[in-house]
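*Asks:* Starting off with a structure, shown below.
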Amino acid sequence: MAGNEENFVKNVVNSSIEVISSINEIHEDIDKAVKTLEECLKQGNKIIIFGNGGSAADAQHIAAELISRFYKDRKSIPAIALTTDSSIITSIGNDYSFELIFSRQCEGLVNEGDVVIAISTSGNSKNVLEGIKVAKKKNAKIIGLLGNDGGEILLQTDIAIVVNSKSTPRVQEAHRVIYHIICEEIEKKIVEKDG
């Protein structure tokens, strides 16, 4: 039995390593995302992030790294996760529908020049897609942090960072590496600019 457990652990770790290693193949999309976010911040705009489930937690993680700090003490970077206010989410879900929990918030919070980071491991989350549609109407740039083949959301983004895996846990693990790269790069650029 112990051998089976050991093999299971090795298989999961090797699978994760394989998917995370594939990030090297999409480094140009990550670079484009960093440049877009840097331009947004230079113009005095903000970053808005959303997703469901584990991706909701990732949205909050990204916002925390930007608002607080990643490695360095520096000024706070304006970022909002639309997944944190249970009163807003439940009232929209109850009064309208769960599909509108992000679009309704985008209607009130997104301004021209902002950047939306939309996270979906399937690429097909309906409420994420609805949020993107509203944000685009308000002239925000859209970065998709996606999995699978990018799904429907792929075609709605300005920049798509697609982790090519159908396994939700493996995609989420790769997403964490990607957004840590983005947060570290953005922080460096902010510190350099203010230094």
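In the structure tokens, each chain is lettered A, B, ... as it comes, each chain's residues begin at 1, and ligands are numbered from 1 in order of appearance.
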Hey, what's within 10 Å of Ile182 of chain A if we count only C-alpha atoms and toss same-chain stuff fewer than 3 positions away? As a count of residues only, please?
*Replies:* 15
*Asks:* Between A:Glu184, A:Thr157, A:Gly147, A:Gly51, single out the one closest to Lys126 of chain A, counting only C-alpha atoms.
*Replies:*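 Counting only C-alpha atoms, the residue closest to Lys126 of chain A is A:Gly51.
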*Asks:* Can you list, as a PyMOL selection string, all residues belonging to chain A that DSSP tags as strand (DSSP E)?
*Replies:* chain A and resi 47-50+79-81+115-120+141-146+159-162
*Asks:* Can I get the selected residues back with C-alpha atoms, as an mmCIF file, in the first residue's frame?
*Replies:*
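Result file is part.cif:
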data_model
loop_
_atom_site.group_PDB
_atom_site.id
_atom_site.type_symbol
_atom_site.label_atom_id
_atom_site.label_comp_id
_atom_site.auth_asym_id
_atom_site.auth_seq_id
_atom_site.Cartn_x
_atom_site.Cartn_y
_atom_site.Cartn_z
ATOM 1 C CA ILE A 47 -6.404 46.548 -11.678
ATOM 2 C CA ILE A 48 -9.632 44.587 -11.166
ATOM 3 C CA ILE A 49 -9.501 40.813 -10.705
ATOM 4 C CA PHE A 50 -12.144 38.093 -10.550
ATOM 5 C CA ALA A 79 -6.021 46.491 -7.159
ATOM 6 C CA ILE A 80 -9.487 45.154 -6.302
ATOM 7 C CA ALA A 81 -10.685 41.553 -6.162
ATOM 8 C CA VAL A 115 -7.097 46.490 -16.570
ATOM 9 C CA VAL A 116 -9.246 43.476 -15.731
ATOM 10 C CA ILE A 117 -7.571 40.169 -14.927
ATOM 11 C CA ALA A 118 -10.244 37.536 -15.581
ATOM 12 C CA ILE A 119 -9.389 34.082 -14.233
ATOM 13 C CA SER A 120 -11.032 30.873 -15.463
ATOM 14 C CA LYS A 141 -8.107 46.123 -21.204
ATOM 15 C CA ILE A 142 -8.730 42.430 -20.532
ATOM 16 C CA ILE A 143 -6.064 39.933 -19.483
ATOM 17 C CA GLY A 144 -7.345 36.366 -19.398
ATOM 18 C CA LEU A 145 -5.594 33.953 -17.049
ATOM 19 C CA LEU A 146 -7.033 30.770 -18.498
ATOM 20 C CA ILE A 159 -4.035 39.275 -23.815
ATOM 21 C CA ALA A 160 -4.645 35.588 -23.121
ATOM 22 C CA ILE A 161 -2.298 33.649 -20.864
ATOM 23 C CA VAL A 162 -3.426 30.065 -21.415
#
*Asks:* Within 10 Å of segment 4-16 of chain A, which residues of segment 57-170 of chain A come that close, and what is the closest atom pair and distance in Å for each? Count only C-alpha atoms and give it as CSV.
*Replies:*
residue,atom,partner,partner_atom,distance
A:Ser167,CA,A:Ser15,CA,9.7
A:Pro169,CA,A:Ser16,CA,8.6
A:Arg170,CA,A:Ser16,CA,5.6
*Asks:* Write out, as a PDB file, in the first residue's frame, the residues just selected, with N, CA and C atoms.
*Replies:*
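Below is the file selection_20.pdb, written as the result:
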ATOM      1  N   SER A 167      -6.631  19.746 -16.520  1.00  0.00           N
ATOM      2  CA  SER A 167      -6.709  19.453 -15.089  1.00  0.00           C
ATOM      3  C   SER A 167      -6.788  20.752 -14.292  1.00  0.00           C
ATOM      4  N   PRO A 169      -6.662  21.437 -11.002  1.00  0.00           N
ATOM      5  CA  PRO A 169      -5.601  21.682 -10.019  1.00  0.00           C
ATOM      6  C   PRO A 169      -4.263  22.052 -10.653  1.00  0.00           C
ATOM      7  N   ARG A 170      -3.900  21.391 -11.760  1.00  0.00           N
ATOM      8  CA  ARG A 170      -2.622  21.701 -12.406  1.00  0.00           C
ATOM      9  C   ARG A 170      -2.647  23.115 -12.997  1.00  0.00           C
TER      10      ARG A 170
END
*Asks:* Would you mind telling me which residue in A:Thr36, A:Asn164, A:Thr84, A:Asn45 lies nearest to Ala59 of chain A when using only C-alpha atoms?
*Replies:*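 Closest to Ala59 of chain A, using only C-alpha atoms: A:Thr84.
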*Asks:* If you take only C-alpha atoms and a cut-off of 10 Å, which residues of segment 136-161 of chain A touch segment 94-112 of chain A, and what are their nearest atom pairs and distances in Å to one decimal, in chain and number order, as JSON lines?
*Replies:*
{"residue": "A:Lys136", "atom": "CA", "partner": "A:Glu112", "partner_atom": "CA", "distance": 8.9}
{"residue": "A:Lys137", "atom": "CA", "partner": "A:Glu112", "partner_atom": "CA", "distance": 9.0}
{"residue": "A:Lys138", "atom": "CA", "partner": "A:Glu112", "partner_atom": "CA", "distance": 5.5}
{"residue": "A:Asn139", "atom": "CA", "partner": "A:Glu112", "partner_atom": "CA", "distance": 4.8}
{"residue": "A:Ala140", "atom": "CA", "partner": "A:Glu112", "partner_atom": "CA", "distance": 5.2}
{"residue": "A:Lys141", "atom": "CA", "partner": "A:Glu112", "partner_atom": "CA", "distance": 8.5}
*Asks:* Take the residues from that selection and put them in a file with N, CA and C atoms, as a CSV table (one decimal), in the first residue's frame.
*Replies:*
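And here's result14.csv as it stands now:
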chain,number,residue,atom,x,y,z
A,136,LYS,N,-15.3,45.6,-21.2
A,136,LYS,CA,-14.9,46.0,-22.5
A,136,LYS,C,-15.7,47.2,-23.0
A,137,LYS,N,-17.0,47.2,-22.7
A,137,LYS,CA,-17.8,48.4,-23.0
A,137,LYS,C,-17.3,49.6,-22.4
A,138,LYS,N,-16.6,49.5,-21.2
A,138,LYS,CA,-16.1,50.6,-20.5
A,138,LYS,C,-14.7,50.9,-20.9
A,139,ASN,N,-14.2,50.3,-21.9
A,139,ASN,CA,-12.8,50.5,-22.5
A,139,ASN,C,-11.7,50.1,-21.5
A,140,ALA,N,-11.9,49.0,-20.8
A,140,ALA,CA,-10.9,48.5,-20.0
A,140,ALA,C,-10.1,47.4,-20.8
A,141,LYS,N,-8.9,47.2,-20.6
A,141,LYS,CA,-8.1,46.1,-21.2
A,141,LYS,C,-8.4,44.8,-20.4
*Asks:* Can you pull out the residues contacting Asn124 of chain A? Cut-off 8 Å, using only C-alpha atoms, and skip same-chain residues under 4 positions away; I want them as a ChimeraX atom specification.
*Replies:* /A:120,128-129,150-153
*Asks:* Write the selection just made, keeping C-alpha atoms, as an mmCIF file, in the first residue's frame?
*Replies:*
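That gives us selection.cif:
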data_model
loop_
_atom_site.group_PDB
_atom_site.id
_atom_site.type_symbol
_atom_site.label_atom_id
_atom_site.label_comp_id
_atom_site.auth_asym_id
_atom_site.auth_seq_id
_atom_site.Cartn_x
_atom_site.Cartn_y
_atom_site.Cartn_z
ATOM 1 C CA SER A 120 -11.032 30.873 -15.463
ATOM 2 C CA VAL A 128 -16.498 35.843 -15.805
ATOM 3 C CA LEU A 129 -17.507 36.215 -19.455
ATOM 4 C CA GLY A 150 -8.822 29.224 -23.390
ATOM 5 C CA GLY A 151 -12.495 28.466 -24.032
ATOM 6 C CA GLU A 152 -14.994 31.184 -24.958
ATOM 7 C CA ILE A 153 -13.136 33.757 -22.886
#
*Asks:* Atom CA of Phe70 of chain A to atom CA of Val191 of chain A: how many Å, to one decimal?
*Replies:*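 Atom CA of Val191 of chain A lies 11.5 Å from atom CA of Phe70 of chain A.
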*Asks:* So what do you get for atom CA of Glu173 of chain A versus atom CA of Glu65 of chain A, distance-wise?
*Replies:*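 Atom-to-atom, atom CA of Glu173 of chain A and atom CA of Glu65 of chain A are spaced 16.8 Å apart.
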